[in-house]
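**Q** Mind having a look at this structure? Questions to follow.
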Amino acid sequence: MTDTQIPAETASAPVYSVPQERRIVTAVPGPKSEELHARRSKVVSSGVSSALPVYIERANGAILVDVDGNQFIDFGAGIGVTTIGHTEQRVVAAAADQLQDVIHTLFTITPYEEYVRVAELLATHTPGRFEKKSVLVNSGAEAVENGVKIARKFTGRRAVAVLDHAYHGRTNLTMAMNYKAHPYATGYGPFAGDVYHAPSSYPYRDGLSGQDAAARTIAYLEKVVGASDLACLVVEPIQGEGGFMVPADGFLPTLQSWCTENGVVMIADEIQSGMARTGRYFASEHFEWVPDLVLSAKGIAGGLPLAAVTGRAEIMDASHPGGLGGTFGGNPVACAAAVAVFESIESNGLLAEADRIGSSLKAGLERLKQRYDVIGDIRGRGAMIAIELVQPGTGDSTKVPNPDAVSRLVAHAAQHGVLFLSAGTWGNVLRFLPSLAVSDSLIDDALHVLDDGLASLG
Ligand code: PLZ
């Protein structure tokens, strides 16, 4: 054990302050939510929408409680943020303690230990056994921006490549890196230049082996971009917003080898897939991919805003002193919470919990797929599972996207106390992104609701 590893303690059963069950006691949304929504409409930009406008008063474990007393089983976890559970005890205690000691100094003015500790933990738990360094920032998009900055500085090159179906954020550069224009980019241009969209691996739709898909991506990069101008290739190991596409085996390591041979920095955007969500600390591990840089955010601090770029020391150190930073990046309270997240993953055996959730969900979904041919594909790892919905037809031969079925299923589930999220380039993917606190009985319960919803599609 190195000094940056946390000793595993005996796992103790978590204690929840909210009963872990769904309970609907009013219409959804209820009257108090409606009232808040009316207030909100007057003062919150209509550019900010809410998938389910029930106003949340408490959240604990895998359950959200709204102002009307309705309880929802949360299969969204704030889009993969409260991975270790809502208001997890260690995170709450660590953040509360830190609030008493130091709330802010700005690490680039007067530093503090918690930032260093998070960087140590990231160096230990990201893929690859080599010297690594980190910079901490506030959000996923800011981590992507910094990853690109760092790669450009290291290589002295300009071009940035991403994959089809990618999602990387809402800042100017990251809007240009997303696959889908709407709703992220419509009307918000002009966008950053020198961003290239290369073909991805999408086994359900392209049927290509990892080698063939990688050859297609590499051919694009060589022809359209030119390897010698390419600073970085940014890839989500399992694509998030795009629809949880799991690449064919060999795709990612083949791209990494090509990047290494051509002096291109390959960056894993693990913002949605990282931090124990898929049953590994980072999803890259499923594919034997050791990226040059890894981007973390979302689940890293149990719900507090924190993000990181971590990677090979020589790449991270190519930036001049003062080149990286930002006022709130690596805030002490967020860092204290992140340390607690790592401790919780270790002492509560959360990697195994993610595997348990993946097995339960996949088994239940396979049973539903036998009965409903609207389910075209089931895919994902651990607590990052999705179904892709297609027009019903003769088995797998029809793959026409069915976004309408997803909207109806999401609406049906919400009415019955289950929060599901949609995803996908065509909006036809239903994703299961629960916290690792979700029990098998909550999963069964939610799958019953889904079953009823599927039956009601007709
Ligand atoms: N990279 C892989 O999943 C955020 C978007 C929610 P930020 N995904 C959720 C929304 O509608 O804005 C995400 C991601 C991947 C980058 C990001 C961006 O992370 O923390 O939202 O900036």
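A note on labels: chains of the structure tokens are A, B, ... as shown, every chain counts residues from 1, and ligands are counted from 1 in their shown order.
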I'd like the neighbourhood of Ile315 of chain A as a ChimeraX atom specification, where a residue qualifies if any of its atoms comes within 12 Å (using only C-alpha atoms), though same-chain residues fewer than 5 positions away should be ignored.

**A** /A:131-135,147-156,231-232,263-267,291-294,309-310,320

**Q** What does the file look like for those residues with C-alpha atoms, as a short mmCIF file (atom, residue, chain, number, x, y, z; two decimals), in the first residue's frame?

**A**
data_model
loop_
_atom_site.label_atom_id
_atom_site.label_comp_id
_atom_site.auth_asym_id
_atom_site.auth_seq_id
_atom_site.Cartn_x
_atom_site.Cartn_y
_atom_site.Cartn_z
CA GLU A 131 4.23 9.93 -12.58
CA LYS A 132 1.04 11.99 -12.78
CA LYS A 133 0.02 15.52 -11.91
CA SER A 134 -3.31 17.33 -11.71
CA VAL A 135 -4.94 20.72 -11.94
CA GLY A 147 -7.21 19.48 -21.08
CA VAL A 148 -7.16 21.05 -24.55
CA LYS A 149 -5.04 24.01 -23.35
CA ILE A 150 -2.52 21.66 -21.73
CA ALA A 151 -2.32 19.43 -24.82
CA ARG A 152 -1.86 22.42 -27.14
CA LYS A 153 0.91 23.84 -24.95
CA PHE A 154 2.69 20.47 -24.74
CA THR A 155 2.48 19.68 -28.47
CA GLY A 156 2.68 23.20 -29.90
CA ALA A 231 -2.81 18.43 -30.53
CA CYS A 232 -5.31 16.05 -28.94
CA GLY A 263 2.71 12.69 -30.80
CA VAL A 264 -1.00 13.34 -30.22
CA VAL A 265 -2.25 13.66 -26.61
CA MET A 266 -5.20 11.30 -26.08
CA ILE A 267 -7.59 12.55 -23.44
CA PRO A 291 -5.00 7.62 -21.58
CA ASP A 292 -2.41 10.41 -21.48
CA LEU A 293 -4.81 12.71 -19.62
CA VAL A 294 -8.00 11.90 -17.68
CA VAL A 309 -7.31 17.21 -15.34
CA THR A 310 -4.88 14.45 -14.37
CA HIS A 320 4.32 27.65 -17.53
#

**Q** Which residues form the shell of 6 Å around ligand 1 when you count only C-alpha atoms and all ligand atoms, given as a list in words?

**A**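 The residues near ligand 1 are Ile79, Ser139, Gly140, Ala141, Tyr167, His168, Gly169, Glu236, Gly240, Glu241, Asp269, Ile271 and Gln272 of chain A.
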
**Q** Taking only segment 175-238 of chain A into account, list the residues labelled strand (DSSP E) by DSSP (computed from the backbone), as a PyMOL selection string.

**A** chain A and resi 195-198+230-235

**Q** Can I get the selected residues back with N, CA and C atoms, as an mmCIF file, in the first residue's frame?

**A**
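The result, stored in result_3.cif:
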data_model
loop_
_atom_site.group_PDB
_atom_site.id
_atom_site.type_symbol
_atom_site.label_atom_id
_atom_site.label_comp_id
_atom_site.auth_asym_id
_atom_site.auth_seq_id
_atom_site.Cartn_x
_atom_site.Cartn_y
_atom_site.Cartn_z
ATOM 1 N N VAL A 195 -11.761 22.353 -34.638
ATOM 2 C CA VAL A 195 -12.310 21.188 -33.939
ATOM 3 C C VAL A 195 -12.861 20.237 -35.005
ATOM 4 N N TYR A 196 -12.439 18.979 -34.964
ATOM 5 C CA TYR A 196 -12.775 18.002 -36.000
ATOM 6 C C TYR A 196 -13.534 16.827 -35.395
ATOM 7 N N HIS A 197 -14.573 16.399 -36.080
ATOM 8 C CA HIS A 197 -15.441 15.322 -35.575
ATOM 9 C C HIS A 197 -15.177 14.040 -36.356
ATOM 10 N N ALA A 198 -14.525 13.107 -35.715
ATOM 11 C CA ALA A 198 -14.144 11.855 -36.381
ATOM 12 C C ALA A 198 -15.161 10.748 -36.078
ATOM 13 N N LEU A 230 -2.329 17.795 -35.195
ATOM 14 C CA LEU A 230 -3.315 17.413 -34.182
ATOM 15 C C LEU A 230 -2.710 17.455 -32.779
ATOM 16 N N ALA A 231 -3.278 18.321 -31.929
ATOM 17 C CA ALA A 231 -2.809 18.427 -30.532
ATOM 18 C C ALA A 231 -3.379 17.290 -29.693
ATOM 19 N N CYS A 232 -4.699 17.047 -29.824
ATOM 20 C CA CYS A 232 -5.312 16.046 -28.944
ATOM 21 C C CYS A 232 -6.539 15.412 -29.573
ATOM 22 N N LEU A 233 -6.812 14.211 -29.098
ATOM 23 C CA LEU A 233 -8.048 13.498 -29.429
ATOM 24 C C LEU A 233 -8.762 13.281 -28.095
ATOM 25 N N VAL A 234 -9.968 13.839 -27.976
ATOM 26 C CA VAL A 234 -10.710 13.760 -26.719
ATOM 27 C C VAL A 234 -11.843 12.747 -26.885
ATOM 28 N N VAL A 235 -11.896 11.756 -25.989
ATOM 29 C CA VAL A 235 -12.847 10.643 -26.151
ATOM 30 C C VAL A 235 -13.486 10.273 -24.809
#

**Q** Just the residues within 8 Å of segment 430-441 of chain A, please, counting only C-alpha atoms, with nothing from its chain fewer than 3 positions along; format it as JSON, numbers by chain.

**A** {"A": [61, 62, 74, 75, 76, 77, 79, 80, 82, 83, 84, 85, 86, 243, 244, 277, 350, 353, 354, 357, 360, 383, 384, 385, 386, 387, 388, 389, 406, 410, 420, 421, 422, 423, 444, 445]}

**Q** List the neighbours of Leu306 of chain A out to 12 Å using only C-alpha atoms; skip same-chain residues closer than 3 positions along the sequence, and give me the result as a PyMOL selection string.

**A** chain A and resi 81+115+118+135-143+271+295-303+309+328-339+341

**Q** I'd like to know which of A:His37, A:Leu457, A:Ile103, A:Ser359 is closest to Ser49 of chain A, using only C-alpha atoms.

**A** A:His37

**Q** With a distance cut-off of 6 Å and only C-alpha atoms, select the neighbouring residues of Arg90 of chain A, excluding the residue or stretch itself and same-chain residues fewer than 3 positions from it, and output the selection as number ranges by chain.

**A** A: 93-94, 340

**Q** Go ahead and save the residues from that selection, with C-alpha atoms, as a PDB file, in the first residue's frame.

**A**
ATOM      1  CA  ALA A  93     -19.234  15.457   7.716  1.00  0.00           C
ATOM      2  CA  ALA A  94     -16.047  16.276   5.783  1.00  0.00           C
ATOM      3  CA  ALA A 340     -14.414  11.646   1.592  1.00  0.00           C
TER       4      ALA A 340
END

**Q** Hey, can you check how far atom CA of Ile56 of chain A sits from atom CA of Ser33 of chain A?

**A**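 Answer for the atom CA of Ile56 of chain A to atom CA of Ser33 of chain A separation: 8.7 Å.
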
**Q** Looking at A:Leu361, A:Leu454, A:Ala308, A:Leu52, which one is nearest to Arg381 of chain A, with distances taken over only C-alpha atoms?

**A** A:Leu361

**Q** With only C-alpha atoms as the atoms that count, which of A:Thr174, A:Ser209, A:Ser45, A:Gln256 lies nearest to Asp194 of chain A?

**A**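 Of A:Thr174, A:Ser209, A:Ser45, A:Gln256, the one nearest Asp194 of chain A is A:Thr174, counting only C-alpha atoms.
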
**Q** Of the residues A:Ala166, A:Leu304, A:Gly78, A:Asp212, which is the one nearest to Ala51 of chain A, using only C-alpha atoms?

**A**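 Residue with the minimum atom-to-atom distance to Ala51 of chain A: A:Gly78.
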
**Q** Smallest atom-to-atom distance to Trp289 of chain A: which of A:Leu324, A:Met275, A:Ile238, A:Leu221, using only C-alpha atoms?

**A**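 Result for the nearest residue to Trp289 of chain A: A:Ile238.
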
**Q** Go through A:Val54, A:Leu409, A:Leu208, A:Leu64 and flag the residue nearest Ala27 of chain A, using only C-alpha atoms for the distances.

**A** A:Val54

**Q** What's the 9 Å shell around Leu255 of chain A, counting only C-alpha atoms, without same-chain residues fewer than 5 positions away, as an MDAnalysis selection string?

**A** chainID A and resid 214:215 217:218 233 250 260 266

**Q** Can you list, as JSON, numbers by chain, all residues belonging to segment 61-159 of chain A that DSSP tags as alpha helix (DSSP H)?

**A** {"A": [77, 78, 79, 80, 89, 90, 91, 92, 93, 94, 95, 96, 97, 98, 99, 100, 101, 113, 114, 115, 116, 117, 118, 119, 120, 121, 122, 123, 124, 125, 140, 141, 142, 143, 144, 145, 146, 147, 148, 149, 150, 151, 152, 153, 154, 155]}

**Q** Leaving out segment 363-374 of chain A and any residue of its chain fewer than 4 positions from it, which residues lie within 7 Å of it when counting only C-alpha atoms, given as a list in words?

**A**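 Everything that qualifies: Ser359, Leu389, Val390, Gln391, Pro392, Gly393, Gly395, Leu447 and Asp451 of chain A.
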